[in-house]
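Down below is the structure, laid out as structure tokens.
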Amino acid sequence: MAFSSDELNFLVYRYLQESGFQHSAYSFGLESHISQSNINGALVPPAALISIVQKGLHYTEAEICVGEDGSELRLIESLSLIDAVMPDIVASRQSQNQDKQSGVKNDVQGTNGEEGTATVTSAISSTNTMELDNSIEIPAEKSTILKGHESEVFICAWNPITDLLASGSGDSTARIWDMADSLSDPSQLILRHCIQKGGTEVPSNKDVTSLDWNCDGTLLATGSYDGYARIWMTDGRLSSTLGQHKGPIFALKWNKKGNYILSAGVDKTTIIWDAASGQCNQQFAFHTAPALDVDWQSNSSFASCSTDQCIHVCRLGVDRPVKTFQGHTNEVNAIKWDPQGNLLASCSDDMTLKIWSMKQDTCVHDLQAHNKEIYTIKWSPTGPGTANPNMNLILASASFDSTVRLWDVEQGAFIHTLTKHTEPVYSVAFSPDGKFLASGSFDKCVHIWSTQSGQLVHSYKGTGGIFEVCWNSTGNKVGASASDGSVFVLDLRKL
């Protein structure tokens, strides 16, 4: 097998992206000059590096299972990946394999048959214990698989007014799926992210990393690894291209009024854009490392976080942060203002969740319960100033420790720990009425929980690791996007 260093570098780069290490992927891509290679990432299937490594491992195991006379031996013990790349261990295992199985081929064949049966039985038993109650598992007829993307789908979001679902992928496209009329055969619009090269438009071959609808659902904004933000109409036409960042865009949000768009980039800056003109209103260069997330506090003030471990609160027209929060000891992955814009929640690779107030410099609460990195957080649409004022305000956190936690922020204590996932949880989303929480994990499952009891009420297993989950505006459909290029919609009506 012959391969170039560019090809190997690209597979490592893609593996880092698929594993959720977006910032490491970016740094590796820069140092290995991925952008200068002629590899079309849209043609490379998900999990390509893992697939080729697994094949290599199987090949090494197959070598061990061939005797000196060419006869086939039974593999006594599977190789670990590290063992497989150590010649002395491979040679030793091959010798042990031959010694143990010499002269007892018939007995081994009988034993192997029995072990095969036992293994199948064990697997069935294990599967049965993991299976969900039929009343919980969402039936296949209640799911619609949306196919079209050619690479992993990092993000999806429902239009706030109609049942249009937008998705963004590593194939350098966003798509708008119309789920209003027909769940069985929805139409799709392909929003191709192109760049100017030699006087012509060519596909950027860069990931679409973020997307957000404006408040009245008439425009969709997307952010890309190519460094551009774009505004699209609901019919798929490109309205404007926003070019000021010098590097990938990691996050992008409309304000509530719909006149400004806020973006965060690897160039350490955040930008407020005028949505009507597509021009940069103000660029904020206060972070000392890539900006990872942004969230509006009001129509003209916002917070940003970064790998520099700092959080800045900024305001349009002011040339320095109006507040800076410090306290995290590792990169801050996500920030979210509560529905009233009073409290700011942040989560970090330092495994903590912190609550901040503009009234003080130190955090109001330092919430420590997760034992791995916390990837994202969401506030419930409940409490004062929301459509559900009589329900308590809740904060949800999703972690690489495979759990979701629900927090009572007023008390500074967790209410429920949701533990059914078996892999890192990348996304959580509250239903519009605040009664349910959807969670998506790399175990390929979307779980829907009761926020009041913490009980699992519905579950669905897809075909790829889940990057994003989201509810439609009426709360009867959940959308999800996955690592295998699939997008799916769960119809929760009459369940």
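Residues are named by chain letter and number: chains run A, B, ... in the order of the structure tokens, numbers start at 1 in each chain, and ligands are numbered from 1 in the order shown.
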> If we count only C-alpha atoms, what is near Asp226 in chain A at a cut-off of 7 Å, once residues fewer than 2 positions away on the same chain are taken out, given as a count of residues only?
Replying inline: 6
>> as a PyMOL selection string, please: the residues near Leu211 in chain A (cut-off 7 Å, only C-alpha atoms, same-chain neighbours under 3 positions excluded).
In response: chain A and resi 220-223+252
Give me, as an mmCIF file with all heavy atoms, in the first residue's frame, all polymer residues having an atom no more than 10 Å from range 144-148 of chain A, counting only C-alpha atoms and skipping those fewer than 5 positions away in the same chain.
```
data_model
loop_
_atom_site.group_PDB
_atom_site.id
_atom_site.type_symbol
_atom_site.label_atom_id
_atom_site.label_comp_id
_atom_site.auth_asym_id
_atom_site.auth_seq_id
_atom_site.Cartn_x
_atom_site.Cartn_y
_atom_site.Cartn_z
ATOM 1 N N ARG A 175 -28.119 22.566 3.998
ATOM 2 C CA ARG A 175 -29.343 22.140 3.298
ATOM 3 C C ARG A 175 -30.555 22.585 4.092
ATOM 4 O O ARG A 175 -30.520 22.643 5.320
ATOM 5 C CB ARG A 175 -29.349 20.625 3.082
ATOM 6 C CG ARG A 175 -28.164 20.215 2.197
ATOM 7 C CD ARG A 175 -28.051 18.746 1.913
ATOM 8 N NE ARG A 175 -26.772 18.508 1.270
ATOM 9 C CZ ARG A 175 -26.594 17.863 0.107
ATOM 10 N NH1 ARG A 175 -27.638 17.391 -0.547
ATOM 11 N NH2 ARG A 175 -25.378 17.694 -0.399
ATOM 12 N N TRP A 177 -34.420 21.465 4.564
ATOM 13 C CA TRP A 177 -35.361 20.364 4.344
ATOM 14 C C TRP A 177 -36.759 20.845 4.724
ATOM 15 O O TRP A 177 -36.964 21.345 5.824
ATOM 16 C CB TRP A 177 -34.990 19.161 5.201
ATOM 17 C CG TRP A 177 -33.549 18.770 5.148
ATOM 18 C CD1 TRP A 177 -32.536 19.315 5.886
ATOM 19 C CD2 TRP A 177 -32.949 17.751 4.345
ATOM 20 N NE1 TRP A 177 -31.341 18.706 5.590
ATOM 21 C CE2 TRP A 177 -31.556 17.741 4.649
ATOM 22 C CE3 TRP A 177 -33.439 16.844 3.406
ATOM 23 C CZ2 TRP A 177 -30.661 16.858 4.044
ATOM 24 C CZ3 TRP A 177 -32.553 15.968 2.799
ATOM 25 C CH2 TRP A 177 -31.195 15.970 3.107
ATOM 26 N N MET A 179 -40.100 19.978 5.997
ATOM 27 C CA MET A 179 -40.776 18.891 6.700
ATOM 28 C C MET A 179 -42.242 19.212 6.976
ATOM 29 O O MET A 179 -42.902 18.486 7.710
ATOM 30 C CB MET A 179 -40.064 18.631 8.029
ATOM 31 C CG MET A 179 -38.572 18.379 7.920
ATOM 32 S SD MET A 179 -38.159 17.004 6.840
ATOM 33 C CE MET A 179 -38.972 15.659 7.679
ATOM 34 N N SER A 182 -44.768 16.818 3.951
ATOM 35 C CA SER A 182 -44.637 15.368 3.861
ATOM 36 C C SER A 182 -43.413 14.888 4.607
ATOM 37 O O SER A 182 -42.285 15.285 4.295
ATOM 38 C CB SER A 182 -44.553 14.934 2.389
ATOM 39 O OG SER A 182 -44.240 13.557 2.292
ATOM 40 N N LEU A 183 -43.615 14.040 5.596
ATOM 41 C CA LEU A 183 -42.497 13.449 6.306
ATOM 42 C C LEU A 183 -41.876 12.314 5.515
ATOM 43 O O LEU A 183 -40.731 11.938 5.739
ATOM 44 C CB LEU A 183 -42.959 12.925 7.674
ATOM 45 C CG LEU A 183 -43.136 13.968 8.786
ATOM 46 C CD1 LEU A 183 -43.749 13.320 10.002
ATOM 47 C CD2 LEU A 183 -41.819 14.623 9.130
ATOM 48 N N SER A 184 -42.641 11.749 4.555
ATOM 49 C CA SER A 184 -42.141 10.594 3.824
ATOM 50 C C SER A 184 -41.214 10.987 2.679
ATOM 51 O O SER A 184 -40.282 10.267 2.358
ATOM 52 C CB SER A 184 -43.313 9.769 3.276
ATOM 53 O OG SER A 184 -44.112 10.574 2.422
ATOM 54 N N ASP A 185 -41.452 12.129 2.050
ATOM 55 C CA ASP A 185 -40.624 12.526 0.911
ATOM 56 C C ASP A 185 -40.383 14.035 0.937
ATOM 57 O O ASP A 185 -40.874 14.768 0.073
ATOM 58 C CB ASP A 185 -41.317 12.103 -0.396
ATOM 59 C CG ASP A 185 -40.426 12.325 -1.605
ATOM 60 O OD1 ASP A 185 -39.190 12.330 -1.430
ATOM 61 O OD2 ASP A 185 -40.954 12.510 -2.715
ATOM 62 N N PRO A 186 -39.615 14.529 1.913
ATOM 63 C CA PRO A 186 -39.407 15.969 2.022
ATOM 64 C C PRO A 186 -38.476 16.494 0.928
ATOM 65 O O PRO A 186 -37.571 15.784 0.481
ATOM 66 C CB PRO A 186 -38.755 16.116 3.401
ATOM 67 C CG PRO A 186 -38.078 14.814 3.627
ATOM 68 C CD PRO A 186 -38.920 13.776 2.969
ATOM 69 N N SER A 187 -38.716 17.718 0.514
ATOM 70 C CA SER A 187 -37.838 18.339 -0.473
ATOM 71 C C SER A 187 -36.625 18.945 0.233
ATOM 72 O O SER A 187 -36.661 19.222 1.424
ATOM 73 C CB SER A 187 -38.587 19.427 -1.235
ATOM 74 O OG SER A 187 -38.997 20.458 -0.354
ATOM 75 N N GLN A 188 -35.549 19.151 -0.531
ATOM 76 C CA GLN A 188 -34.363 19.757 0.048
ATOM 77 C C GLN A 188 -33.773 20.798 -0.893
ATOM 78 O O GLN A 188 -33.827 20.653 -2.119
ATOM 79 C CB GLN A 188 -33.299 18.712 0.382
ATOM 80 C CG GLN A 188 -32.731 17.970 -0.825
ATOM 81 C CD GLN A 188 -31.514 17.122 -0.470
ATOM 82 O OE1 GLN A 188 -30.520 17.636 0.008
ATOM 83 N NE2 GLN A 188 -31.618 15.823 -0.706
ATOM 84 N N ILE A 190 -30.135 22.767 -1.603
ATOM 85 C CA ILE A 190 -28.706 22.632 -1.319
ATOM 86 C C ILE A 190 -28.054 24.014 -1.400
ATOM 87 O O ILE A 190 -28.114 24.680 -2.440
ATOM 88 C CB ILE A 190 -28.032 21.665 -2.314
ATOM 89 C CG1 ILE A 190 -28.721 20.291 -2.271
ATOM 90 C CG2 ILE A 190 -26.547 21.523 -1.990
ATOM 91 C CD1 ILE A 190 -28.206 19.309 -3.306
ATOM 92 N N GLY A 462 -29.927 6.021 15.938
ATOM 93 C CA GLY A 462 -29.655 6.303 14.543
ATOM 94 C C GLY A 462 -28.518 5.459 14.015
ATOM 95 O O GLY A 462 -28.185 4.404 14.570
ATOM 96 N N THR A 463 -27.884 5.941 12.959
ATOM 97 C CA THR A 463 -26.827 5.172 12.296
ATOM 98 C C THR A 463 -25.451 5.815 12.431
ATOM 99 O O THR A 463 -24.462 5.278 11.926
ATOM 100 C CB THR A 463 -27.171 5.009 10.808
ATOM 101 O OG1 THR A 463 -27.435 6.308 10.237
ATOM 102 C CG2 THR A 463 -28.396 4.128 10.630
ATOM 103 N N GLY A 479 -35.247 17.147 15.497
ATOM 104 C CA GLY A 479 -34.290 16.906 14.429
ATOM 105 C C GLY A 479 -32.940 16.548 15.016
ATOM 106 O O GLY A 479 -32.608 16.956 16.137
ATOM 107 N N ALA A 480 -32.156 15.777 14.271
ATOM 108 C CA ALA A 480 -30.813 15.397 14.737
ATOM 109 C C ALA A 480 -29.897 15.237 13.539
ATOM 110 O O ALA A 480 -30.334 14.855 12.443
ATOM 111 C CB ALA A 480 -30.876 14.101 15.535
ATOM 112 N N SER A 481 -28.616 15.546 13.742
ATOM 113 C CA SER A 481 -27.622 15.385 12.682
ATOM 114 C C SER A 481 -26.505 14.501 13.187
ATOM 115 O O SER A 481 -26.183 14.496 14.383
ATOM 116 C CB SER A 481 -27.077 16.745 12.238
ATOM 117 O OG SER A 481 -26.486 17.438 13.322
ATOM 118 N N GLY A 485 -23.279 11.396 8.074
ATOM 119 C CA GLY A 485 -23.883 12.187 7.004
ATOM 120 C C GLY A 485 -25.395 12.189 7.009
ATOM 121 O O GLY A 485 -26.027 12.819 6.156
ATOM 122 N N SER A 486 -25.994 11.509 7.971
ATOM 123 C CA SER A 486 -27.459 11.453 8.019
ATOM 124 C C SER A 486 -28.025 12.588 8.864
ATOM 125 O O SER A 486 -27.391 13.100 9.781
ATOM 126 C CB SER A 486 -27.932 10.104 8.579
ATOM 127 O OG SER A 486 -27.538 9.961 9.934
ATOM 128 N N VAL A 487 -29.247 12.985 8.501
ATOM 129 C CA VAL A 487 -30.071 13.888 9.299
ATOM 130 C C VAL A 487 -31.389 13.153 9.474
ATOM 131 O O VAL A 487 -31.868 12.503 8.540
ATOM 132 C CB VAL A 487 -30.309 15.234 8.582
ATOM 133 C CG1 VAL A 487 -31.170 16.159 9.423
ATOM 134 C CG2 VAL A 487 -28.984 15.903 8.243
ATOM 135 N N PHE A 488 -31.967 13.192 10.654
ATOM 136 C CA PHE A 488 -33.270 12.535 10.789
ATOM 137 C C PHE A 488 -34.199 13.366 11.661
ATOM 138 O O PHE A 488 -33.775 14.194 12.459
ATOM 139 C CB PHE A 488 -33.153 11.093 11.320
ATOM 140 C CG PHE A 488 -32.446 10.930 12.630
ATOM 141 C CD1 PHE A 488 -33.146 11.017 13.823
ATOM 142 C CD2 PHE A 488 -31.095 10.634 12.668
ATOM 143 C CE1 PHE A 488 -32.502 10.843 15.035
ATOM 144 C CE2 PHE A 488 -30.443 10.452 13.882
ATOM 145 C CZ PHE A 488 -31.152 10.561 15.068
ATOM 146 N N VAL A 489 -35.497 13.118 11.425
ATOM 147 C CA VAL A 489 -36.551 13.836 12.150
ATOM 148 C C VAL A 489 -37.434 12.802 12.843
ATOM 149 O O VAL A 489 -37.877 11.833 12.222
ATOM 150 C CB VAL A 489 -37.395 14.697 11.199
ATOM 151 C CG1 VAL A 489 -38.579 15.304 11.936
ATOM 152 C CG2 VAL A 489 -36.532 15.796 10.579
ATOM 153 N N LEU A 490 -37.660 13.003 14.130
ATOM 154 C CA LEU A 490 -38.534 12.136 14.918
ATOM 155 C C LEU A 490 -39.869 12.828 15.122
ATOM 156 O O LEU A 490 -39.925 13.949 15.619
ATOM 157 C CB LEU A 490 -37.887 11.829 16.267
ATOM 158 C CG LEU A 490 -36.472 11.216 16.204
ATOM 159 C CD1 LEU A 490 -35.905 11.061 17.615
ATOM 160 C CD2 LEU A 490 -36.480 9.898 15.461
ATOM 161 N N ASP A 491 -40.942 12.180 14.723
ATOM 162 C CA ASP A 491 -42.288 12.714 14.873
ATOM 163 C C ASP A 491 -42.853 12.213 16.200
ATOM 164 O O ASP A 491 -43.111 11.017 16.363
ATOM 165 C CB ASP A 491 -43.150 12.239 13.704
ATOM 166 C CG ASP A 491 -44.533 12.866 13.711
ATOM 167 O OD1 ASP A 491 -44.854 13.585 14.687
ATOM 168 O OD2 ASP A 491 -45.293 12.631 12.755
#
```
> For Thr209 in chain A, which residue among A:Asp293, A:Asp366, A:Asp235, A:Asp433 is the nearest when counting only C-alpha atoms?
Replying inline: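 Of A:Asp293, A:Asp366, A:Asp235, A:Asp433, the one nearest Thr209 in chain A is A:Asp293, counting only C-alpha atoms.
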>> When you look at Ser277 in chain A with a cut-off of 10 Å (counting only C-alpha atoms), what residues show up, excluding the ones that are within fewer than 5 positions of it in the same chain? I need them as a ChimeraX atom specification.
In response: /A:239-242,259
Output the selection as a PDB file, in the first residue's frame - C-alpha atoms for each residue.
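Final output, saved to again.pdb:
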```pdb
ATOM      1  CA  SER A 239     -28.279  36.978  -0.054  1.00  0.00           C
ATOM      2  CA  SER A 240     -24.812  38.142   1.052  1.00  0.00           C
ATOM      3  CA  THR A 241     -21.319  36.945   1.950  1.00  0.00           C
ATOM      4  CA  LEU A 242     -19.636  38.358   5.038  1.00  0.00           C
ATOM      5  CA  ASN A 259     -30.659  43.398  12.467  1.00  0.00           C
TER       6      ASN A 259
END
```
List as JSON lines every residue of range 229-301 of chain A that is in contact with range 164-171 of chain A, defined as an atom at most 12 Å from one of its atoms (using only C-alpha atoms), together with the nearest atom pair and the distance in Å rounded to one decimal, sorted by chain and then rising number.
```
{"residue": "A:Trp232", "atom": "CA", "partner": "A:Ala166", "partner_atom": "CA", "distance": 11.0}
{"residue": "A:Met233", "atom": "CA", "partner": "A:Ala166", "partner_atom": "CA", "distance": 11.7}
{"residue": "A:Thr234", "atom": "CA", "partner": "A:Leu164", "partner_atom": "CA", "distance": 8.6}
{"residue": "A:Asp235", "atom": "CA", "partner": "A:Leu164", "partner_atom": "CA", "distance": 10.8}
{"residue": "A:Gly236", "atom": "CA", "partner": "A:Ala166", "partner_atom": "CA", "distance": 10.8}
```
> CA of Leu219 in chain A to CA of Pro321 in chain A: how many Å, to one decimal?
Replying inline: 29.5 Å
> Quick one: of A:Ser441, A:Asn371, A:Ser431, A:Ser306, who's nearest to Asn472 in chain A, counting only C-alpha atoms?
Replying inline: A:Ser431
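Of the residues listed (A:Met391, A:Ala47, A:Ala398, A:Val208), A:Ala398 shows the shortest atom-to-atom separation from Thr352 in chain A; distances use only C-alpha atoms.
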>> So, with only C-alpha atoms as the atoms that count, which of A:Ser92, A:Ser439, A:Asn388, A:Ser473 lies closest to His458 in chain A?
In response: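 Nearest candidate to His458 in chain A out of A:Ser92, A:Ser439, A:Asn388, A:Ser473: A:Ser439.
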> Which value, in Å to one decimal, gives the distance between CA of Ile272 in chain A and CA of Thr288 in chain A?
Replying inline: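 Here the two named atoms are 18.5 Å from each other.
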>> as an NGL selection string, please: the residues near Phe284 in chain A (cut-off 12 Å, only C-alpha atoms, same-chain neighbours under 3 positions excluded).
In response: :A and (244-245 or 262-265 or 267-273 or 280-281 or 287-288 or 291 or 294 or 301-304 or 312-322)
> What residues in range 344-443 of chain A get the DSSP label strand (DSSP E or B)? Please answer as a PyMOL selection string.
Replying inline: chain A and resi 344-348+352-357+365-368+374-379+395-399+404-408+413-418+425-430+436-441
If we count only C-alpha atoms and set the cut-off at 7 Å, which residues sit around Phe436 in chain A, ignoring sequence neighbours fewer than 3 positions away in its own chain? Please answer as an mmCIF file with all heavy atoms, in the first residue's frame.
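Saved result, selection_28.cif, follows:
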```
data_model
loop_
_atom_site.group_PDB
_atom_site.id
_atom_site.type_symbol
_atom_site.label_atom_id
_atom_site.label_comp_id
_atom_site.auth_asym_id
_atom_site.auth_seq_id
_atom_site.Cartn_x
_atom_site.Cartn_y
_atom_site.Cartn_z
ATOM 1 N N PHE A 430 -33.986 21.762 25.022
ATOM 2 C CA PHE A 430 -35.269 21.721 25.727
ATOM 3 C C PHE A 430 -36.418 21.871 24.738
ATOM 4 O O PHE A 430 -36.314 22.614 23.739
ATOM 5 C CB PHE A 430 -35.353 22.862 26.745
ATOM 6 C CG PHE A 430 -34.565 22.642 27.998
ATOM 7 C CD1 PHE A 430 -33.265 23.118 28.105
ATOM 8 C CD2 PHE A 430 -35.114 21.958 29.071
ATOM 9 C CE1 PHE A 430 -32.528 22.923 29.264
ATOM 10 C CE2 PHE A 430 -34.389 21.761 30.241
ATOM 11 C CZ PHE A 430 -33.085 22.241 30.336
ATOM 12 N N SER A 431 -37.530 21.195 25.027
ATOM 13 C CA SER A 431 -38.748 21.403 24.246
ATOM 14 C C SER A 431 -39.268 22.812 24.525
ATOM 15 O O SER A 431 -38.955 23.406 25.570
ATOM 16 C CB SER A 431 -39.805 20.360 24.618
ATOM 17 O OG SER A 431 -40.136 20.452 25.994
ATOM 18 N N ILE A 448 -34.982 11.276 24.962
ATOM 19 C CA ILE A 448 -35.874 12.357 25.375
ATOM 20 C C ILE A 448 -36.313 12.084 26.807
ATOM 21 O O ILE A 448 -36.823 11.006 27.125
ATOM 22 C CB ILE A 448 -37.080 12.477 24.422
ATOM 23 C CG1 ILE A 448 -36.579 12.824 23.025
ATOM 24 C CG2 ILE A 448 -38.065 13.543 24.922
ATOM 25 C CD1 ILE A 448 -37.636 12.812 21.949
ATOM 26 N N TRP A 449 -36.078 13.077 27.662
ATOM 27 C CA TRP A 449 -36.257 12.915 29.100
ATOM 28 C C TRP A 449 -37.337 13.852 29.625
ATOM 29 O O TRP A 449 -37.546 14.927 29.075
ATOM 30 C CB TRP A 449 -34.960 13.255 29.834
ATOM 31 C CG TRP A 449 -33.715 12.676 29.265
ATOM 32 C CD1 TRP A 449 -33.003 13.147 28.193
ATOM 33 C CD2 TRP A 449 -33.011 11.516 29.722
ATOM 34 N NE1 TRP A 449 -31.907 12.364 27.965
ATOM 35 C CE2 TRP A 449 -31.883 11.360 28.892
ATOM 36 C CE3 TRP A 449 -33.224 10.614 30.774
ATOM 37 C CZ2 TRP A 449 -30.967 10.319 29.065
ATOM 38 C CZ3 TRP A 449 -32.318 9.586 30.944
ATOM 39 C CH2 TRP A 449 -31.207 9.437 30.096
ATOM 40 N N SER A 450 -37.975 13.453 30.712
ATOM 41 C CA SER A 450 -38.854 14.348 31.450
ATOM 42 C C SER A 450 -37.978 15.230 32.337
ATOM 43 O O SER A 450 -37.171 14.723 33.122
ATOM 44 C CB SER A 450 -39.829 13.546 32.322
ATOM 45 O OG SER A 450 -40.411 14.382 33.303
ATOM 46 N N THR A 451 -38.120 16.547 32.201
ATOM 47 C CA THR A 451 -37.302 17.448 33.022
ATOM 48 C C THR A 451 -37.760 17.446 34.477
ATOM 49 O O THR A 451 -36.991 17.781 35.369
ATOM 50 C CB THR A 451 -37.335 18.878 32.467
ATOM 51 O OG1 THR A 451 -38.702 19.313 32.372
ATOM 52 C CG2 THR A 451 -36.692 18.946 31.102
#
```
>> Would you pick out the contacts of range 407-423 of chain A at 6 Å or less, using only C-alpha atoms, so that residues sharing its chain but fewer than 2 positions from it are not included, and give the list as a list of chain:residue names?
In response: A:Ile394, A:Leu395, A:Ser402, A:Thr403, A:Val404, A:Arg405, A:Phe442, A:Asp443, A:Gly454
> Expressed in Å to a single decimal, how great is the separation between CA of Asp212 in chain A and CA of Val44 in chain A?
Replying inline: 26.8 Å
>> I need the residue nearest Pro160 in chain A from this list: A:Ser5, A:Thr474, A:Ser357, A:Ser483. Use only C-alpha atoms for the distance.
In response: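 Looking at the shortest contact to Pro160 in chain A, the residue is A:Thr474.
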